[in-house]
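Participant: PDB, C-alpha atoms and all ligand atoms, file final06.pdb:
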ATOM      1  CA  MET A   1       6.706   2.803   1.013
ATOM      2  CA  PRO A   2       2.922   2.839   1.163
ATOM      3  CA  GLU A   3       1.594  -0.613   2.134
ATOM      4  CA  LEU A   4      -1.963  -1.922   2.257
ATOM      5  CA  PRO A   5      -3.204   0.437   5.046
ATOM      6  CA  GLU A   6      -1.885   3.539   3.293
ATOM      7  CA  VAL A   7      -3.168   2.592  -0.180
ATOM      8  CA  GLU A   8      -6.531   1.508   1.255
ATOM      9  CA  THR A   9      -6.807   4.857   3.093
ATOM     10  CA  ILE A  10      -6.264   6.749  -0.150
ATOM     11  CA  ARG A  11      -8.723   4.453  -1.941
ATOM     12  CA  SER A  12     -11.549   4.965   0.528
ATOM     13  CA  GLN A  13     -10.992   8.723   0.590
ATOM     14  CA  LEU A  14     -10.906   9.011  -3.207
ATOM     15  CA  GLN A  15     -14.007   6.830  -3.491
ATOM     16  CA  LYS A  16     -15.844   9.627  -1.645
ATOM     17  CA  LEU A  17     -14.027  12.485  -3.357
ATOM     18  CA  ILE A  18     -13.784  11.723  -7.079
ATOM     19  CA  VAL A  19     -16.474   9.172  -7.996
ATOM     20  CA  GLY A  20     -19.011  10.773 -10.373
ATOM     21  CA  LYS A  21     -16.562  13.438 -11.504
ATOM     22  CA  LYS A  22     -15.671  13.850 -15.168
ATOM     23  CA  ILE A  23     -12.024  14.242 -16.177
ATOM     24  CA  LYS A  24     -11.862  17.511 -18.114
ATOM     25  CA  GLU A  25      -8.115  17.616 -18.688
ATOM     26  CA  VAL A  26      -4.987  15.755 -17.652
ATOM     27  CA  LYS A  27      -1.577  17.364 -17.494
ATOM     28  CA  VAL A  28       1.443  15.066 -17.598
ATOM     29  CA  GLY A  29       4.728  16.658 -16.548
ATOM     30  CA  LEU A  30       6.783  13.464 -16.380
ATOM     31  CA  SER A  31       5.875  11.196 -19.263
ATOM     32  CA  LYS A  32       7.860   8.167 -18.022
ATOM     33  CA  MET A  33       5.311   7.742 -15.205
ATOM     34  CA  VAL A  34       2.660   6.846 -17.795
ATOM     35  CA  LYS A  35       3.418   3.422 -19.245
ATOM     36  CA  LEU A  36       1.713   3.937 -22.608
ATOM     37  CA  PRO A  37       1.849   6.560 -25.383
ATOM     38  CA  LEU A  38       0.647   9.860 -23.943
ATOM     39  CA  GLY A  39      -1.751  10.516 -26.815
ATOM     40  CA  LYS A  40      -3.492   7.203 -26.204
ATOM     41  CA  PHE A  41      -3.668   7.880 -22.456
ATOM     42  CA  ARG A  42      -5.142  11.337 -22.909
ATOM     43  CA  LYS A  43      -7.654  10.119 -25.477
ATOM     44  CA  ALA A  44      -8.874   7.379 -23.132
ATOM     45  CA  VAL A  45      -9.187   9.453 -19.959
ATOM     46  CA  ILE A  46     -10.267  12.942 -21.043
ATOM     47  CA  GLY A  47     -14.058  13.139 -21.059
ATOM     48  CA  ALA A  48     -14.493   9.945 -19.027
ATOM     49  CA  THR A  49     -16.279   9.878 -15.672
ATOM     50  CA  ILE A  50     -14.817   8.077 -12.637
ATOM     51  CA  LYS A  51     -17.218   5.285 -11.716
ATOM     52  CA  GLU A  52     -15.360   3.672  -8.814
ATOM     53  CA  VAL A  53     -12.048   3.581  -6.983
ATOM     54  CA  LYS A  54     -10.837   0.093  -6.169
ATOM     55  CA  ARG A  55      -7.630  -1.471  -4.913
ATOM     56  CA  ARG A  56      -5.755  -4.711  -5.533
ATOM     57  CA  ALA A  57      -2.636  -5.241  -3.399
ATOM     58  CA  LYS A  58      -0.869  -1.840  -3.411
ATOM     59  CA  ILE A  59      -2.375  -0.810  -6.759
ATOM     60  CA  LEU A  60      -5.188   1.753  -7.039
ATOM     61  CA  ILE A  61      -7.754   1.303  -9.797
ATOM     62  CA  PHE A  62      -9.916   4.143 -11.154
ATOM     63  CA  GLY A  63     -12.770   2.499 -13.077
ATOM     64  CA  LEU A  64     -13.912   4.838 -15.880
ATOM     65  CA  SER A  65     -17.297   5.165 -17.574
ATOM     66  CA  ASN A  66     -15.836   4.223 -20.978
ATOM     67  CA  GLY A  67     -14.610   0.737 -20.060
ATOM     68  CA  TRP A  68     -11.021   1.692 -19.236
ATOM     69  CA  SER A  69      -9.375   1.512 -15.841
ATOM     70  CA  ILE A  70      -6.472   3.697 -14.734
ATOM     71  CA  LEU A  71      -4.033   1.702 -12.568
ATOM     72  CA  ILE A  72      -1.774   3.666 -10.226
ATOM     73  CA  HIS A  73       1.113   2.225  -8.217
ATOM     74  CA  LEU A  74       2.638   4.666  -5.718
ATOM     75  CA  LYS A  75       5.747   2.483  -5.160
ATOM     76  CA  LEU A  76       8.249   4.152  -2.773
ATOM     77  CA  SER A  77       7.117   7.734  -2.516
ATOM     78  CA  GLY A  78       3.966   8.403  -4.557
ATOM     79  CA  ARG A  79       1.179  10.671  -3.316
ATOM     80  CA  LEU A  80      -2.308  11.404  -4.599
ATOM     81  CA  ILE A  81      -3.686  14.638  -3.173
ATOM     82  CA  PHE A  82      -7.172  15.929  -3.940
ATOM     83  CA  ARG A  83      -8.099  19.631  -3.807
ATOM     84  CA  ARG A  84     -11.485  21.209  -4.380
ATOM     85  CA  LYS A  85     -12.083  24.202  -6.643
ATOM     86  CA  ASN A  86     -10.589  27.361  -5.108
ATOM     87  CA  GLU A  87      -9.051  25.334  -2.260
ATOM     88  CA  LYS A  88      -5.746  26.913  -1.341
ATOM     89  CA  LEU A  89      -2.791  24.736  -2.321
ATOM     90  CA  ALA A  90      -0.234  23.656   0.262
ATOM     91  CA  PRO A  91       3.460  23.226  -0.704
ATOM     92  CA  GLU A  92       3.091  19.399  -0.594
ATOM     93  CA  ASP A  93       0.317  19.547  -3.197
ATOM     94  CA  THR A  94       2.674  20.671  -5.918
ATOM     95  CA  ALA A  95       6.029  19.301  -4.676
ATOM     96  CA  TRP A  96       7.404  16.670  -7.093
ATOM     97  CA  ASN A  97       4.214  16.901  -9.144
ATOM     98  CA  HIS A  98       4.181  14.824 -12.339
ATOM     99  CA  LEU A  99       0.515  14.489 -13.232
ATOM    100  CA  ILE A 100      -2.652  16.496 -12.569
ATOM    101  CA  TYR A 101      -6.217  15.372 -13.272
ATOM    102  CA  TYR A 102      -8.618  18.324 -13.681
ATOM    103  CA  PHE A 103     -12.282  17.531 -13.033
ATOM    104  CA  ASN A 104     -15.361  19.226 -14.501
ATOM    105  CA  ASP A 105     -16.292  20.876 -11.185
ATOM    106  CA  GLY A 106     -12.922  22.637 -10.867
ATOM    107  CA  SER A 107     -11.408  20.152  -8.407
ATOM    108  CA  ARG A 108      -8.009  18.556  -9.069
ATOM    109  CA  LEU A 109      -6.038  15.464  -8.198
ATOM    110  CA  PHE A 110      -2.255  15.809  -7.949
ATOM    111  CA  HIS A 111      -0.074  12.746  -8.513
ATOM    112  CA  ASN A 112       3.306  13.508  -6.959
ATOM    113  CA  ASP A 113       6.362  11.301  -6.600
ATOM    114  CA  LEU A 114       9.814  12.336  -5.344
ATOM    115  CA  ARG A 115      11.633   9.168  -6.371
ATOM    116  CA  GLN A 116       9.659   8.516  -9.566
ATOM    117  CA  PHE A 117       9.345   4.722  -9.258
ATOM    118  CA  GLY A 118       5.548   4.858  -9.418
ATOM    119  CA  TYR A 119       3.521   4.195 -12.532
ATOM    120  CA  VAL A 120       0.234   4.851 -14.301
ATOM    121  CA  LYS A 121      -1.159   2.162 -16.606
ATOM    122  CA  LEU A 122      -4.339   1.766 -18.585
ATOM    123  CA  VAL A 123      -6.158  -1.567 -18.702
ATOM    124  CA  LYS A 124      -9.588  -2.465 -20.105
ATOM    125  CA  SER A 125     -11.830  -2.965 -17.063
ATOM    126  CA  GLY A 126     -12.925  -6.315 -18.465
ATOM    127  CA  GLU A 127      -9.294  -7.466 -18.550
ATOM    128  CA  LEU A 128      -8.345  -6.542 -14.975
ATOM    129  CA  LEU A 129      -8.597 -10.115 -13.707
ATOM    130  CA  ASP A 130      -6.176 -11.292 -16.396
ATOM    131  CA  PHE A 131      -3.847  -8.381 -15.643
ATOM    132  CA  PHE A 132      -3.665  -9.239 -11.941
ATOM    133  CA  LYS A 133      -3.299 -12.926 -12.723
ATOM    134  CA  LYS A 134      -0.174 -12.098 -14.734
ATOM    135  CA  GLU A 135       1.130 -10.029 -11.815
ATOM    136  CA  LYS A 136       0.798 -13.238  -9.724
ATOM    137  CA  LEU A 137      -0.571 -11.409  -6.683
ATOM    138  CA  GLY A 138      -1.448 -13.379  -3.558
ATOM    139  CA  PRO A 139      -4.784 -13.066  -1.711
ATOM    140  CA  GLU A 140      -6.030  -9.886  -0.021
ATOM    141  CA  PRO A 141      -5.339 -10.384   3.710
ATOM    142  CA  LEU A 142      -8.292  -8.306   4.949
ATOM    143  CA  GLU A 143     -10.903 -10.141   2.905
ATOM    144  CA  LYS A 144     -13.151 -12.655   4.647
ATOM    145  CA  GLU A 145     -11.991 -15.360   2.250
ATOM    146  CA  PHE A 146      -8.498 -15.056   3.706
ATOM    147  CA  THR A 147      -8.882 -17.512   6.585
ATOM    148  CA  LEU A 148      -6.507 -19.253   8.971
ATOM    149  CA  SER A 149      -6.788 -22.447   6.941
ATOM    150  CA  GLU A 150      -5.929 -20.611   3.731
ATOM    151  CA  PHE A 151      -2.980 -18.907   5.437
ATOM    152  CA  SER A 152      -1.741 -22.270   6.764
ATOM    153  CA  ALA A 153      -2.036 -23.789   3.289
ATOM    154  CA  ILE A 154      -0.046 -20.906   1.736
ATOM    155  CA  LEU A 155       2.683 -21.307   4.367
ATOM    156  CA  LYS A 156       3.122 -24.966   3.453
ATOM    157  CA  ARG A 157       4.197 -23.958  -0.068
ATOM    158  CA  LYS A 158       7.485 -22.493   1.166
ATOM    159  CA  PRO A 159       8.631 -24.432   4.259
ATOM    160  CA  LYS A 160      12.248 -23.225   3.959
ATOM    161  CA  ALA A 161      11.401 -19.515   3.664
ATOM    162  CA  LYS A 162      12.033 -17.094   6.514
ATOM    163  CA  ILE A 163       8.755 -15.747   7.864
ATOM    164  CA  LYS A 164       9.625 -12.046   7.440
ATOM    165  CA  GLN A 165      10.480 -12.446   3.752
ATOM    166  CA  PHE A 166       7.459 -14.663   3.247
ATOM    167  CA  LEU A 167       5.066 -12.021   4.616
ATOM    168  CA  MET A 168       6.530  -9.384   2.279
ATOM    169  CA  ASP A 169       6.294 -11.612  -0.819
ATOM    170  CA  GLN A 170       3.423 -10.115  -2.872
ATOM    171  CA  THR A 171       2.861 -13.422  -4.650
ATOM    172  CA  VAL A 172       1.903 -15.178  -1.407
ATOM    173  CA  ILE A 173      -0.020 -12.388   0.381
ATOM    174  CA  ALA A 174      -0.738  -8.990  -1.175
ATOM    175  CA  GLY A 175      -0.094  -5.633   0.455
ATOM    176  CA  ILE A 176       2.329  -6.285   3.347
ATOM    177  CA  GLY A 177       5.740  -4.586   3.274
ATOM    178  CA  ASN A 178       8.652  -3.880   5.591
ATOM    179  CA  LEU A 179       6.834  -1.892   8.267
ATOM    180  CA  TYR A 180       3.767  -4.053   8.847
ATOM    181  CA  SER A 181       5.656  -7.364   8.593
ATOM    182  CA  ASP A 182       7.868  -6.153  11.480
ATOM    183  CA  GLU A 183       4.816  -5.157  13.528
ATOM    184  CA  ILE A 184       2.926  -8.393  12.799
ATOM    185  CA  LEU A 185       5.900 -10.509  13.920
ATOM    186  CA  PHE A 186       6.337  -8.461  17.101
ATOM    187  CA  PHE A 187       2.639  -8.955  17.871
ATOM    188  CA  ALA A 188       3.054 -12.701  17.337
ATOM    189  CA  ASP A 189       6.363 -12.971  19.321
ATOM    190  CA  ILE A 190       8.051 -14.543  16.299
ATOM    191  CA  HIS A 191      11.673 -13.935  15.276
ATOM    192  CA  PRO A 192      11.818 -12.509  11.711
ATOM    193  CA  LEU A 193      14.324 -15.147  10.559
ATOM    194  CA  LYS A 194      12.308 -18.114  11.826
ATOM    195  CA  ARG A 195      11.744 -20.718   9.120
ATOM    196  CA  ILE A 196       8.188 -21.558   8.226
ATOM    197  CA  ALA A 197       8.757 -25.303   8.764
ATOM    198  CA  ASP A 198       9.625 -24.525  12.413
ATOM    199  CA  LEU A 199       6.376 -22.648  13.181
ATOM    200  CA  LYS A 200       3.962 -24.393  15.544
ATOM    201  CA  PRO A 201       0.195 -24.255  14.814
ATOM    202  CA  ALA A 202      -0.359 -21.826  17.705
ATOM    203  CA  GLU A 203       2.340 -19.528  16.285
ATOM    204  CA  ILE A 204       0.776 -19.634  12.821
ATOM    205  CA  LYS A 205      -2.555 -18.676  14.390
ATOM    206  CA  LYS A 206      -0.953 -15.740  16.221
ATOM    207  CA  ILE A 207       0.712 -14.461  13.025
ATOM    208  CA  PHE A 208      -2.621 -14.761  11.208
ATOM    209  CA  GLU A 209      -4.361 -12.768  13.963
ATOM    210  CA  GLY A 210      -1.584 -10.176  13.794
ATOM    211  CA  ILE A 211      -2.031  -9.745  10.044
ATOM    212  CA  LYS A 212      -5.751  -9.013  10.425
ATOM    213  CA  LYS A 213      -5.473  -6.889  13.587
ATOM    214  CA  ILE A 214      -2.526  -4.712  12.615
ATOM    215  CA  LEU A 215      -3.542  -4.065   9.002
ATOM    216  CA  LEU A 216      -7.074  -3.201  10.122
ATOM    217  CA  GLU A 217      -5.943  -0.887  12.944
ATOM    218  CA  ALA A 218      -3.430   0.854  10.705
ATOM    219  CA  THR A 219      -6.079   1.361   8.010
ATOM    220  CA  LYS A 220      -8.515   2.831  10.565
ATOM    221  CA  LEU A 221      -5.778   5.244  11.655
ATOM    222  CA  LYS A 222      -5.087   6.227   8.020
ATOM    223  CA  GLY A 223      -1.683   4.558   7.819
ATOM    224  CA  SER A 224       1.846   5.488   8.898
ATOM    225  CA  SER A 225       3.704   8.578   7.743
ATOM    226  CA  VAL A 226       7.197   7.232   8.434
ATOM    227  CA  ASP A 227       8.496   8.483   5.095
ATOM    228  CA  LEU A 228       6.764  10.624   2.483
ATOM    229  CA  TYR A 229       3.303   9.138   2.787
ATOM    230  CA  LEU A 230       0.349  11.546   2.991
ATOM    231  CA  ASP A 231      -3.313  10.648   2.559
ATOM    232  CA  ALA A 232      -5.576  11.988  -0.198
ATOM    233  CA  SER A 233      -6.253  15.161   1.777
ATOM    234  CA  GLY A 234      -2.517  15.821   2.178
ATOM    235  CA  LYS A 235      -2.480  14.807   5.866
ATOM    236  CA  GLU A 236      -0.186  12.388   7.723
ATOM    237  CA  GLY A 237      -1.495   9.036   8.946
ATOM    238  CA  ASN A 238      -1.952   8.428  12.680
ATOM    239  CA  TYR A 239      -0.464   4.947  13.154
ATOM    240  CA  VAL A 240       3.157   5.962  13.936
ATOM    241  CA  PRO A 241       2.629   6.251  17.736
ATOM    242  CA  ARG A 242       1.387   2.626  17.693
ATOM    243  CA  ILE A 243       4.509   1.298  15.955
ATOM    244  CA  LYS A 244       6.339  -1.037  18.326
ATOM    245  CA  VAL A 245       9.543  -2.059  16.515
ATOM    246  CA  TYR A 246       9.813  -0.725  12.937
ATOM    247  CA  GLY A 247      12.414   2.057  12.834
ATOM    248  CA  ARG A 248      12.911   1.805  16.623
ATOM    249  CA  GLU A 249      16.374   0.233  16.646
ATOM    250  CA  GLY A 250      18.166   1.127  19.894
ATOM    251  CA  GLU A 251      14.940   2.000  21.729
ATOM    252  CA  LYS A 252      13.537  -0.092  24.589
ATOM    253  CA  CYS A 253      10.933  -2.751  23.862
ATOM    254  CA  GLN A 254       7.588  -1.447  25.163
ATOM    255  CA  ARG A 255       6.780  -4.907  26.518
ATOM    256  CA  CYS A 256      10.009  -6.042  28.225
ATOM    257  CA  GLY A 257      12.531  -3.184  28.109
ATOM    258  CA  THR A 258      15.113  -5.045  26.003
ATOM    259  CA  THR A 259      16.824  -2.973  23.295
ATOM    260  CA  ILE A 260      15.189  -3.312  19.850
ATOM    261  CA  LYS A 261      17.601  -4.735  17.277
ATOM    262  CA  ARG A 262      17.821  -4.428  13.507
ATOM    263  CA  LEU A 263      19.170  -7.016  11.112
ATOM    264  CA  LYS A 264      19.592  -7.210   7.354
ATOM    265  CA  ILE A 265      17.496  -9.705   5.474
ATOM    266  CA  GLY A 266      17.551  -9.914   1.674
ATOM    267  CA  GLY A 267      18.407  -6.239   1.185
ATOM    268  CA  ARG A 268      15.742  -5.113   3.686
ATOM    269  CA  SER A 269      15.855  -4.538   7.445
ATOM    270  CA  ALA A 270      13.970  -6.377  10.139
ATOM    271  CA  HIS A 271      13.381  -4.659  13.485
ATOM    272  CA  PHE A 272      12.591  -6.910  16.443
ATOM    273  CA  CYS A 273      12.888  -7.504  20.177
ATOM    274  CA  PRO A 274      15.436 -10.286  20.733
ATOM    275  CA  ALA A 275      13.792 -11.197  24.083
ATOM    276  CA  CYS A 276      10.129 -11.233  23.046
ATOM    277  CA  GLN A 277      10.522 -12.721  19.573
ATOM    278  CA  LYS A 278      11.755 -16.303  19.333
TER     279      LYS A 278
HETATM  280 ZN    ZN B 301      10.539  -7.320  24.280
END
Step by step, read the file and then write its structure as structure tokens.
Ligand SMILES: [Zn+2]

Facilitator:
Amino acid sequence: MPELPEVETIRSQLQKLIVGKKIKEVKVGLSKMVKLPLGKFRKAVIGATIKEVKRRAKILIFGLSNGWSILIHLKLSGRLIFRRKNEKLAPEDTAWNHLIYYFNDGSRLFHNDLRQFGYVKLVKSGELLDFFKKEKLGPEPLEKEFTLSEFSAILKRKPKAKIKQFLMDQTVIAGIGNLYSDEILFFADIHPLKRIADLKPAEIKKIFEGIKKILLEATKLKGSSVDLYLDASGKEGNYVPRIKVYGREGEKCQRCGTTIKRLKIGGRSAHFCPACQK
């Protein structure tokens, strides 16, 4: 599932690729992806120009010239792939395609999704703050305002929670999922099931540093293609060789040589080194 680094990669690429372009036509192949009547959606987006591409948590926001914003959540397996006019299409451009935006200069944006959990919504740009308030999303971990003292204060709200589940809870911090929570906890030497009340101040600081460092590095490397994720140019991300524990059950820990273990936690898996992470 795309997490903050993957969605932010797509956002920054699309910011360069589609801003200033006018939507000439939109073709919807799978209407359940669009969470409003199709006629209303088409009427709002056709003829509008893309003013900006923003992100909140794992949600992409296309701000339009007419006061509407298109919200796109890629969920488990969504892709957004941009192709210029006359650019030759690769098989992944059209695989599981459900929506195509056609721009006035002949370029196109393909919204593809194998498992079809993703969505497209339309919100008035002036009402975005209210929309995200209702979604109860936690702070953006890469913003300057997200400081160690804020992180410590958030942790105090749920002293009984296990740290792995806490990091993945979108209402406490936005954008972290299964992969990066595993990597952050390995970086910090913290066992995924450790309770927040048992964390020492130095451990909290290390987790905080891990959040910033790992999310930033993964974003710079255009994310991790462990599943179906591709960036906006249809390419895989480059972070996978840096992954230390996620999906590496049975392999040796790169730090100490102990075998990486996997355990179930609330319907998800945690991967960790039983020797390094306490
Ligand atoms: Zn180890």

Participant: Counting all atoms listed in the file, which residue out of A:Phe208, A:Tyr246, A:Trp68, A:Phe186 sits closest to ligand ZN 301 (chain B)?

Facilitator: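 Of the candidates, the smallest distance to ligand ZN 301 (chain B) is held by A:Phe186.
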
Participant: Please evaluate the PyMOL selection byres (((chain A and resi 170-180) around 10) and not hetatm) against the structure above and give the resulting residues as a PyMOL selection string.

Facilitator: chain A and resi 1-8+56-59+135-142+146+151+154-155+157-158+164-169+181-186+210-211+214-215+218+224+226+243+245-247+268-271

Participant: Excluding region 89-91 of chain A and any residue of its chain fewer than 3 positions from it, enumerate the residues within 12 Å of it, using all atoms listed in the file, and give them as a list in words.

Facilitator: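 Final neighbour list, sorted by chain and number: Ile81, Phe82, Arg83, Arg84, Lys85, Asn86, Thr94, Ala95, Trp96, Asn97, Ser107, Arg108, Leu109, Phe110, Asn112, Ser233, Gly234 and Lys235 of chain A.
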
Participant: Residue by residue, what does the PyMOL selection byres (((not hetatm)) within 6 of (chain B and resi 301)) grab here? Present the result as a PDB file with C-alpha atoms, in the coordinates of the input.

Facilitator:
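This went into selection08.pdb:
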ATOM      1  CA  CYS A 253      10.933  -2.751  23.862  1.00  0.00           C
ATOM      2  CA  ARG A 255       6.780  -4.907  26.518  1.00  0.00           C
ATOM      3  CA  CYS A 256      10.009  -6.042  28.225  1.00  0.00           C
ATOM      4  CA  GLY A 257      12.531  -3.184  28.109  1.00  0.00           C
ATOM      5  CA  THR A 258      15.113  -5.045  26.003  1.00  0.00           C
ATOM      6  CA  CYS A 273      12.888  -7.504  20.177  1.00  0.00           C
ATOM      7  CA  ALA A 275      13.792 -11.197  24.083  1.00  0.00           C
ATOM      8  CA  CYS A 276      10.129 -11.233  23.046  1.00  0.00           C
TER       9      CYS A 276
END

Participant: Can you spell out as JSON, numbers by chain the set of residues that the PyMOL selection byres (((chain A and resi 199) around 12) and not hetatm) selects in the structure I just provided?

Facilitator: {"A": [152, 155, 156, 159, 160, 161, 162, 163, 188, 189, 190, 191, 192, 193, 194, 195, 196, 197, 198, 200, 201, 202, 203, 204, 205, 206, 207, 278]}

Participant: Store the residues picked out above in a file with C-alpha atoms, as a PDB file, in the coordinates of the input.

Facilitator:
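Final output, part.pdb:
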ATOM      1  CA  SER A 152      -1.741 -22.270   6.764  1.00  0.00           C
ATOM      2  CA  LEU A 155       2.683 -21.307   4.367  1.00  0.00           C
ATOM      3  CA  LYS A 156       3.122 -24.966   3.453  1.00  0.00           C
ATOM      4  CA  PRO A 159       8.631 -24.432   4.259  1.00  0.00           C
ATOM      5  CA  LYS A 160      12.248 -23.225   3.959  1.00  0.00           C
ATOM      6  CA  ALA A 161      11.401 -19.515   3.664  1.00  0.00           C
ATOM      7  CA  LYS A 162      12.033 -17.094   6.514  1.00  0.00           C
ATOM      8  CA  ILE A 163       8.755 -15.747   7.864  1.00  0.00           C
ATOM      9  CA  ALA A 188       3.054 -12.701  17.337  1.00  0.00           C
ATOM     10  CA  ASP A 189       6.363 -12.971  19.321  1.00  0.00           C
ATOM     11  CA  ILE A 190       8.051 -14.543  16.299  1.00  0.00           C
ATOM     12  CA  HIS A 191      11.673 -13.935  15.276  1.00  0.00           C
ATOM     13  CA  PRO A 192      11.818 -12.509  11.711  1.00  0.00           C
ATOM     14  CA  LEU A 193      14.324 -15.147  10.559  1.00  0.00           C
ATOM     15  CA  LYS A 194      12.308 -18.114  11.826  1.00  0.00           C
ATOM     16  CA  ARG A 195      11.744 -20.718   9.120  1.00  0.00           C
ATOM     17  CA  ILE A 196       8.188 -21.558   8.226  1.00  0.00           C
ATOM     18  CA  ALA A 197       8.757 -25.303   8.764  1.00  0.00           C
ATOM     19  CA  ASP A 198       9.625 -24.525  12.413  1.00  0.00           C
ATOM     20  CA  LYS A 200       3.962 -24.393  15.544  1.00  0.00           C
ATOM     21  CA  PRO A 201       0.195 -24.255  14.814  1.00  0.00           C
ATOM     22  CA  ALA A 202      -0.359 -21.826  17.705  1.00  0.00           C
ATOM     23  CA  GLU A 203       2.340 -19.528  16.285  1.00  0.00           C
ATOM     24  CA  ILE A 204       0.776 -19.634  12.821  1.00  0.00           C
ATOM     25  CA  LYS A 205      -2.555 -18.676  14.390  1.00  0.00           C
ATOM     26  CA  LYS A 206      -0.953 -15.740  16.221  1.00  0.00           C
ATOM     27  CA  ILE A 207       0.712 -14.461  13.025  1.00  0.00           C
ATOM     28  CA  LYS A 278      11.755 -16.303  19.333  1.00  0.00           C
TER      29      LYS A 278
END

Participant: Which distance in Å separates CA of Phe117 (chain A) and CA of His73 (chain A), to one decimal?

Facilitator: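 Result for CA of Phe117 (chain A) versus CA of His73 (chain A): 8.7 Å, one decimal.
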